[in-house]
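To start, the structure under review is shown below, and the notes come after it.
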Amino acid sequence: MTDKFLFSCSITDDDNKLQTKRDILSFIGKIFDPLGLIGPIVVKTKLFMQEVWKSKVNWDSPLPPNLLVEWAKILKDLKEMGTIQIPRAVLNRPNVESVELIGFSDASQHAIGCCLFLKALSSNGEVQVNLLCAKSRVAPLNRKLTIPNLELNGAHLLAELSAKVFKSLLDRYPKIKVILYTDSQIVLAWLSSDNVKGTYVSNRVRDIKLLTEDFAWSHIKGVDNPADILTRGITPNKLQDYQLWWHGPSFLSDSNFQQNIATSITHKDKELLKADVQNVCQLHQNNSQINDSIFNKYTEFNKLQRVIALLLRFKHNCQNPNNKLVGSISPQELNSSKLSIIRHVQSVAFSKEIDLLRKGHSITSHMSSLHPFLDSNSILRVGGRLQNATNLAYDKKYPVILPKSNNIVYMLIKKEHLRLLHAGAKLVLGSLSQNYWLLNGIREVKKVVHKCIVCFRNKAVAAKQLMGSLPSPRISMCRPFQVTGIDFCGPFDIKVARVRKPIINKGYIAVFVCFSTKALHIELVSDLTTAAFLACLQRFIARRGLPSYIYCDNAKTFKGASNKLKELYDLFSKKCHVNDVENFCSTNLIKFKFIPSYSPEFGGLWEAGVKSVKYHIKRVIGSLSLTSEEFNTILTQIEAILNSRPLLPMSRDVSDLNYLTPGHFLIGSPLTSYPELDLTNQNNNRLKIWDLCCKIKQDFWKLWSKDYLTTLQNRPKWKHDHVNLKEGDLVIVKQKDVPPLSWPMGRIVKTFPGPDGRVRVAEVKMGPNNKIYVRSYTKLCPLPLQDD
């Protein structure tokens, strides 16, 4: 009986019924091949399991129909496989003079693999080469690697395997030589270079050099590389007779073969390693045209231009080994690169027009008015009416025609926009017109300029929305100050006493505004403590009655830019202050409601009241410093003046000079009122004096309801509907006293639609800690949508 490894497969009826991921993986796991001798068969099952994993099917769920069909084909191939016999003795020649360990690596988009052969040379000149072991892996799914990077991983796998096998054979064959092959010249260039760019590549090159410092690396053609079968697999019935896999390439069996350990790319070609290595290989193989994919890979025209220049240099050096281009990229190379890019753009966009011109026909399309022609470099140019302008350059007389809606054209416009220091659309188009004729030019330039983040930050437009409807307390009849808005202003200088060189302290003003009547109540607050604020609130309640709701700014709005408001912000930020205020209000059945931070438009009623108060204070007091008594007297007079301001005429009679004021609603109103009868339709001579007072007050409310309320119907601004902010929108958040270029970027995580379905408030996640803030739409600038 011969000493051999035997591989066979028997498929049962139960195996044909396998349909779940768990069952199929269990079946594949039964394949026992520690040396990787039938690796080309196993790799096909690995690739199939990778497809199963990409389908995201559950472990015990049936596979999709397309994968079941593919699995049935794999089972059929395994069933047709005969018994594969492999001699267990790798070397069976007597009088062995020298032994070599020869390795091969290869990679594809789907898998990487390597294999090792043992070559023995006998004293009689006979050569024996047999497969020793192999190893394969599927390409990773978590990242998309280029072919050169996969080839480098294959070489790294070969380096690890060869170092391990070499260590185990060294005791038996002390003079064994190791030669490793790869069909990737890029990998050989990396291994021969002392300064490789990129962390991913440099780390693997370093490991390979450490593992194979005593080994030789060489290049092999792809057709002679036995590791190629490991990256694409083979049907089981063909593996037994595949001699390249079992005995390696034919030149290894030639006793006169002398290995040339050399690489086709040396350390001098450092510039090439900075370019796109995958396209270098494709350019060298095609020997004519650059792969189209590289033009869509970059977003900067200068970088694309330099990469194309390096590819063209590589092509030139391959075709002219005795006249190589070295050193920095010359202007002539950059110009040739630019012409190549333009030719590619025009060949894609104007293929029909170029074919007609080459055949000598005229163009009848939308470009006919430009009278285009092809120059000596096959570039499509405008054949305009400036031929006789002797003082103009050739590019200006015959500008290059560029299409619309093209990514490379957008890169060219962006380059010019940056060169002109973020100039406007007209200036950018005017500068480009010196050399290029852009179809639909101004629109194409505006598409790029309007998407410039730097320009957008400097002229950021906040989100807009239709003016919201008035809240219910603004348009409902109720007792004055039953629903109140409050705001602070200040500080103001207050003298302690009227003496020479008095001590001056700070004072603040609390402005209370009635929602329904616009009546004002002004209180002087001595300092920013919780006790002073609660005392101010108690004085207001004692004079105006107990409110049901109090609206005010969010505490964070007091942070502001002014350092003078920092104390006010600190007061409202203290937890103890918030708790004391809330306890007091809850005890008195008062509900506090806050508007979003940095959103004064939500508190326009009390903001207008504060503006009116400041208007009079600046004109009456100016820069004077008053005592608290004097200041309080002036505030009371200002309150009376503002409560006497006209809301609307009392009647339509031109001779009637009376008008309705907030003060009408404050006269005679008790602090604790009770329900009254409707007296508006009763005659005055039938009423007693108190009923007559009640009727006058009710007439005021009737006039307020019929005439004043209707004046609030129109929307004086924000008159149009706009698209709502949505969750996930990227926005720039406006901030006071911060330059636009420093405004933070944020992501909307939640929106708060109003009763009309329009979003005016949103939660924004921003900052290094991803903290969430509530902001009004007027502080959010949505970024323009980018084209796919």
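Just remember, in the structure tokens the first chain shown is A, the second B, etc., residues are 1-based per chain, and ligands are 1-based in the order shown.
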
### Message
Taking the DSSP secondary structure from the backbone, can you list the residues of region 245-443 of chain A that are helix (DSSP H, G or I), as a VMD selection string?
### Response
chain A and resid 245 to 247 250 to 253 270 to 273 277 to 286 292 to 296 301 to 319 331 to 349 351 to 358 368 to 370 394 to 397 407 to 419 425 to 432 441 to 443

#### Entry: Non-local contacts of region 494-505 of chain A (10 Å; only C-alpha atoms; under 4 positions in same chain excluded) as a list in words
Ser526, Asp527, Leu624, Ser625, Leu626, Thr627, Ser628, Glu629, Glu630 and Phe631 of chain A

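Residues within 7 Å of region 403-417 of chain A, counting only C-alpha atoms and excluding same-chain residues fewer than 5 positions away, are Thr299, Glu300, Phe301, Ala349, His422, Ala423, Val428, Leu438, Leu439, Asn440, Glu444, Val445 and Val448 of chain A.
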
Convert the current residue selection to file output with C-alpha atoms, as a short mmCIF file (atom, residue, chain, number, x, y, z; two decimals), in the first residue's frame.
```
data_model
loop_
_atom_site.label_atom_id
_atom_site.label_comp_id
_atom_site.auth_asym_id
_atom_site.auth_seq_id
_atom_site.Cartn_x
_atom_site.Cartn_y
_atom_site.Cartn_z
CA THR A 299 -12.19 65.95 -5.10
CA GLU A 300 -9.39 68.47 -5.75
CA PHE A 301 -8.29 69.38 -9.26
CA ALA A 349 -19.69 64.56 -22.67
CA HIS A 422 -13.66 82.90 -2.27
CA ALA A 423 -14.77 85.38 -4.91
CA VAL A 428 -15.05 83.27 -10.87
CA LEU A 438 -18.51 76.67 -19.67
CA LEU A 439 -21.87 75.60 -21.02
CA ASN A 440 -24.54 77.09 -18.77
CA GLU A 444 -22.59 75.84 -12.87
CA VAL A 445 -20.40 78.33 -11.02
CA VAL A 448 -20.14 75.37 -6.56
#
```

### Task
Pick out the residues sitting within 10 Å of region 222-233 of chain A, and hand them over as a PyMOL selection string; count only C-alpha atoms, and ignore anything fewer than 6 positions along from it in its own chain.
chain A and resi 36+38-47+103-116+134-139+154+181-184+239+242-251

Deliver the residues from the most recent selection as a file, using N, CA and C atoms, as a compact mmCIF listing (two decimals), in the first residue's frame.
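This went into out_27.txt:
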```txt
# COMPACT_ATOMS: atom_id res chain seq x y z
N GLY A 36 -3.39 22.69 3.60
CA GLY A 36 -3.88 23.50 2.50
C GLY A 36 -3.61 22.90 1.14
N ILE A 38 -5.55 21.06 -0.71
CA ILE A 38 -6.69 21.23 -1.62
C ILE A 38 -7.30 22.63 -1.39
N GLY A 39 -6.40 23.60 -1.14
CA GLY A 39 -6.83 24.97 -0.91
C GLY A 39 -7.68 25.56 -2.01
N PRO A 40 -7.39 25.29 -3.32
CA PRO A 40 -8.24 25.85 -4.38
C PRO A 40 -9.70 25.39 -4.31
N ILE A 41 -9.94 24.21 -3.71
CA ILE A 41 -11.32 23.76 -3.54
C ILE A 41 -11.95 24.43 -2.31
N VAL A 42 -11.16 24.49 -1.24
CA VAL A 42 -11.67 25.06 0.01
C VAL A 42 -11.98 26.55 -0.14
N VAL A 43 -11.19 27.26 -0.94
CA VAL A 43 -11.39 28.71 -1.05
C VAL A 43 -12.73 29.04 -1.69
N LYS A 44 -13.23 28.16 -2.55
CA LYS A 44 -14.55 28.41 -3.14
C LYS A 44 -15.65 28.31 -2.08
N THR A 45 -15.48 27.39 -1.14
CA THR A 45 -16.45 27.31 -0.04
C THR A 45 -16.34 28.51 0.89
N LYS A 46 -15.12 29.02 1.08
CA LYS A 46 -14.94 30.22 1.91
C LYS A 46 -15.62 31.43 1.28
N LEU A 47 -15.44 31.56 -0.02
CA LEU A 47 -16.06 32.69 -0.72
C LEU A 47 -17.58 32.58 -0.68
N GLY A 103 8.37 30.05 -2.59
CA GLY A 103 7.02 30.47 -2.25
C GLY A 103 6.43 31.41 -3.29
N PHE A 104 5.13 31.39 -3.39
CA PHE A 104 4.39 32.24 -4.32
C PHE A 104 3.21 32.88 -3.58
N SER A 105 2.92 34.13 -3.92
CA SER A 105 1.75 34.81 -3.34
C SER A 105 0.98 35.50 -4.45
N ASP A 106 -0.32 35.69 -4.22
CA ASP A 106 -1.17 36.35 -5.19
C ASP A 106 -2.41 36.88 -4.45
N ALA A 107 -3.12 37.76 -5.13
CA ALA A 107 -4.34 38.33 -4.54
C ALA A 107 -5.30 38.73 -5.65
N SER A 108 -6.57 38.71 -5.33
CA SER A 108 -7.62 39.22 -6.21
C SER A 108 -8.57 40.06 -5.35
N GLN A 109 -9.62 40.54 -5.96
CA GLN A 109 -10.58 41.32 -5.20
C GLN A 109 -11.33 40.48 -4.17
N HIS A 110 -11.27 39.14 -4.32
CA HIS A 110 -12.07 38.26 -3.45
C HIS A 110 -11.25 37.52 -2.42
N ALA A 111 -9.97 37.22 -2.70
CA ALA A 111 -9.20 36.39 -1.78
C ALA A 111 -7.71 36.64 -1.98
N ILE A 112 -6.92 36.24 -0.97
CA ILE A 112 -5.46 36.26 -1.05
C ILE A 112 -4.98 34.84 -0.72
N GLY A 113 -3.81 34.49 -1.24
CA GLY A 113 -3.31 33.16 -1.00
C GLY A 113 -1.81 33.07 -1.23
N CYS A 114 -1.21 32.00 -0.68
CA CYS A 114 0.21 31.73 -0.90
C CYS A 114 0.43 30.22 -0.83
N CYS A 115 1.51 29.77 -1.45
CA CYS A 115 1.85 28.34 -1.44
C CYS A 115 3.36 28.19 -1.43
N LEU A 116 3.83 27.07 -0.87
CA LEU A 116 5.26 26.79 -0.76
C LEU A 116 5.58 25.48 -1.46
N ALA A 134 0.07 25.24 1.71
CA ALA A 134 -0.54 26.46 1.16
C ALA A 134 -1.48 27.06 2.20
N LYS A 135 -1.84 28.29 1.95
CA LYS A 135 -2.74 29.00 2.87
C LYS A 135 -3.50 30.06 2.10
N SER A 136 -4.78 30.26 2.45
CA SER A 136 -5.60 31.27 1.76
C SER A 136 -6.54 31.95 2.74
N ARG A 137 -6.94 33.16 2.38
CA ARG A 137 -7.91 33.93 3.16
C ARG A 137 -8.79 34.71 2.20
N VAL A 138 -10.03 34.95 2.61
CA VAL A 138 -10.90 35.80 1.80
C VAL A 138 -10.60 37.26 2.11
N ALA A 139 -10.88 38.14 1.15
CA ALA A 139 -10.66 39.57 1.35
C ALA A 139 -11.61 40.10 2.42
N GLY A 154 -1.14 39.48 0.66
CA GLY A 154 -0.73 38.15 0.23
C GLY A 154 0.74 37.90 0.47
N TYR A 181 8.20 34.63 -4.50
CA TYR A 181 7.75 35.27 -5.74
C TYR A 181 6.41 35.99 -5.51
N THR A 182 6.27 37.09 -6.23
CA THR A 182 4.97 37.78 -6.32
C THR A 182 4.85 38.37 -7.72
N ASP A 183 3.64 38.44 -8.22
CA ASP A 183 3.44 39.02 -9.55
C ASP A 183 3.11 40.52 -9.48
N SER A 184 3.27 41.13 -8.32
CA SER A 184 2.98 42.56 -8.14
C SER A 184 4.28 43.35 -8.09
N LEU A 239 -8.68 19.59 -10.25
CA LEU A 239 -7.50 19.89 -9.43
C LEU A 239 -6.43 18.81 -9.55
N TYR A 242 -4.02 19.39 -12.40
CA TYR A 242 -3.51 20.76 -12.56
C TYR A 242 -2.05 20.78 -12.10
N GLN A 243 -1.11 20.56 -13.06
CA GLN A 243 0.29 20.38 -12.73
C GLN A 243 0.94 21.63 -12.14
N LEU A 244 0.46 22.82 -12.55
CA LEU A 244 1.03 24.06 -12.00
C LEU A 244 0.84 24.13 -10.49
N TRP A 245 -0.23 23.56 -10.00
CA TRP A 245 -0.50 23.58 -8.57
C TRP A 245 0.36 22.56 -7.82
N TRP A 246 0.58 21.40 -8.39
CA TRP A 246 1.29 20.34 -7.67
C TRP A 246 2.80 20.46 -7.82
N HIS A 247 3.30 21.00 -8.94
CA HIS A 247 4.75 21.01 -9.18
C HIS A 247 5.29 22.40 -9.54
N GLY A 248 4.45 23.41 -9.50
CA GLY A 248 4.93 24.76 -9.73
C GLY A 248 5.18 25.05 -11.20
N PRO A 249 5.67 26.24 -11.53
CA PRO A 249 5.94 26.61 -12.93
C PRO A 249 7.05 25.74 -13.52
N SER A 250 7.02 25.62 -14.82
CA SER A 250 7.94 24.69 -15.50
C SER A 250 9.40 25.09 -15.36
N PHE A 251 9.70 26.39 -15.22
CA PHE A 251 11.12 26.79 -15.17
C PHE A 251 11.81 26.29 -13.89
```

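For the set A:Asp553, A:Ile234, A:Val127, A:Gly383, the residue with the smallest atom-to-atom gap to His371 (chain A) is A:Gly383, counting only C-alpha atoms.
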
### Distance query region 199-207 of chain A at most 7 Å, only C-alpha atoms, self and fewer than 5 positions along chain excluded, as a PyMOL selection string
chain A and resi 156+190-191

Please save N, CA and C atoms of the selected residues as a short mmCIF file (atom, residue, chain, number, x, y, z; two decimals), in the first residue's frame.
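That gives us part_37.cif:
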```
data_model
loop_
_atom_site.label_atom_id
_atom_site.label_comp_id
_atom_site.auth_asym_id
_atom_site.auth_seq_id
_atom_site.Cartn_x
_atom_site.Cartn_y
_atom_site.Cartn_z
N HIS A 156 2.49 39.37 2.77
CA HIS A 156 2.65 39.26 4.24
C HIS A 156 2.27 37.86 4.72
N TRP A 190 7.61 48.56 -3.01
CA TRP A 190 7.49 48.88 -1.58
C TRP A 190 8.58 48.17 -0.76
N LEU A 191 8.85 46.90 -1.08
CA LEU A 191 9.85 46.15 -0.32
C LEU A 191 11.26 46.65 -0.56
#
```

### Contact residues around Leu427 (chain A) with only C-alpha atoms at 12 Å, ignoring same-chain residues under 2 positions, as a PyMOL selection string
chain A and resi 413+416-425+429-434+441-442+445-446+449

Please, which residues in region 496-535 of chain A fall within 10 Å of region 485-492 of chain A when counting only C-alpha atoms, and what is the closest atom pair and distance in Å to one decimal for each, ordered by chain then residue number, as CSV?
```
residue,atom,partner,partner_atom,distance
A:Ile504,CA,A:Phe492,CA,9.7
A:Asn505,CA,A:Phe492,CA,8.3
A:Lys506,CA,A:Phe492,CA,5.6
A:Gly507,CA,A:Phe492,CA,5.1
A:Tyr508,CA,A:Gly490,CA,4.9
A:Ile509,CA,A:Cys489,CA,5.4
A:Ala510,CA,A:Phe488,CA,4.7
A:Val511,CA,A:Asp487,CA,5.4
A:Phe512,CA,A:Ile486,CA,4.6
A:Val513,CA,A:Gly485,CA,5.1
A:Cys514,CA,A:Gly485,CA,6.6
A:Phe515,CA,A:Gly485,CA,6.9
A:Lys518,CA,A:Gly485,CA,9.8
A:Leu520,CA,A:Gly485,CA,9.6
A:His521,CA,A:Ile486,CA,9.5
A:Ile522,CA,A:Ile486,CA,9.8
A:Glu523,CA,A:Phe488,CA,9.7
A:Leu524,CA,A:Phe488,CA,9.9
A:Val525,CA,A:Phe488,CA,9.4
A:Ser526,CA,A:Pro491,CA,9.8
A:Asp527,CA,A:Pro491,CA,9.3
```

Selected residues written out with C-alpha atoms, as an mmCIF file, in the first residue's frame:
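What landed in again_28.cif:
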```cif
data_model
loop_
_atom_site.group_PDB
_atom_site.id
_atom_site.type_symbol
_atom_site.label_atom_id
_atom_site.label_comp_id
_atom_site.auth_asym_id
_atom_site.auth_seq_id
_atom_site.Cartn_x
_atom_site.Cartn_y
_atom_site.Cartn_z
ATOM 1 C CA ILE A 504 -23.071 103.665 43.704
ATOM 2 C CA ASN A 505 -24.624 100.208 43.492
ATOM 3 C CA LYS A 506 -26.243 98.311 40.668
ATOM 4 C CA GLY A 507 -29.979 98.151 40.186
ATOM 5 C CA TYR A 508 -32.151 96.133 37.814
ATOM 6 C CA ILE A 509 -35.632 96.528 36.361
ATOM 7 C CA ALA A 510 -38.215 93.757 36.167
ATOM 8 C CA VAL A 511 -40.826 94.381 33.468
ATOM 9 C CA PHE A 512 -44.152 92.507 33.720
ATOM 10 C CA VAL A 513 -46.366 92.548 30.588
ATOM 11 C CA CYS A 514 -50.017 91.512 30.454
ATOM 12 C CA PHE A 515 -50.621 89.159 27.539
ATOM 13 C CA LYS A 518 -50.307 94.848 26.872
ATOM 14 C CA LEU A 520 -46.976 97.057 31.882
ATOM 15 C CA HIS A 521 -45.900 96.756 35.491
ATOM 16 C CA ILE A 522 -42.348 97.881 36.363
ATOM 17 C CA GLU A 523 -40.468 96.907 39.517
ATOM 18 C CA LEU A 524 -37.034 98.058 40.697
ATOM 19 C CA VAL A 525 -34.861 95.186 41.962
ATOM 20 C CA SER A 526 -31.916 96.037 44.175
ATOM 21 C CA ASP A 527 -29.734 92.999 43.487
#
```

### Task
Write out as a PyMOL selection string each polymer residue whose atoms come within 12 Å of Val738 (chain A), counting only C-alpha atoms; drop sequence neighbours fewer than 3 positions from it.
chain A and resi 457-458+560-561+733-735+741-744

#### Entry: strand (DSSP E or B) residues, from DSSP on the backbone, in region 152-392 of chain A, as a list in words
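DSSP on the backbone gives strand (DSSP E or B) at Lys177, Val178, Ile179, Leu180, Tyr181, Thr182, Ala216, Trp217, Ser218, His219, Phe373, Leu374, Leu380 and Arg381 of chain A.
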
### Query
Taking into account only C-alpha atoms, which residue in the set A:Pro65, A:Pro148, A:Pro740, A:Pro755 is nearest to Cys455 (chain A)?
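Among the listed residues, A:Pro740 lies closest to Cys455 (chain A).
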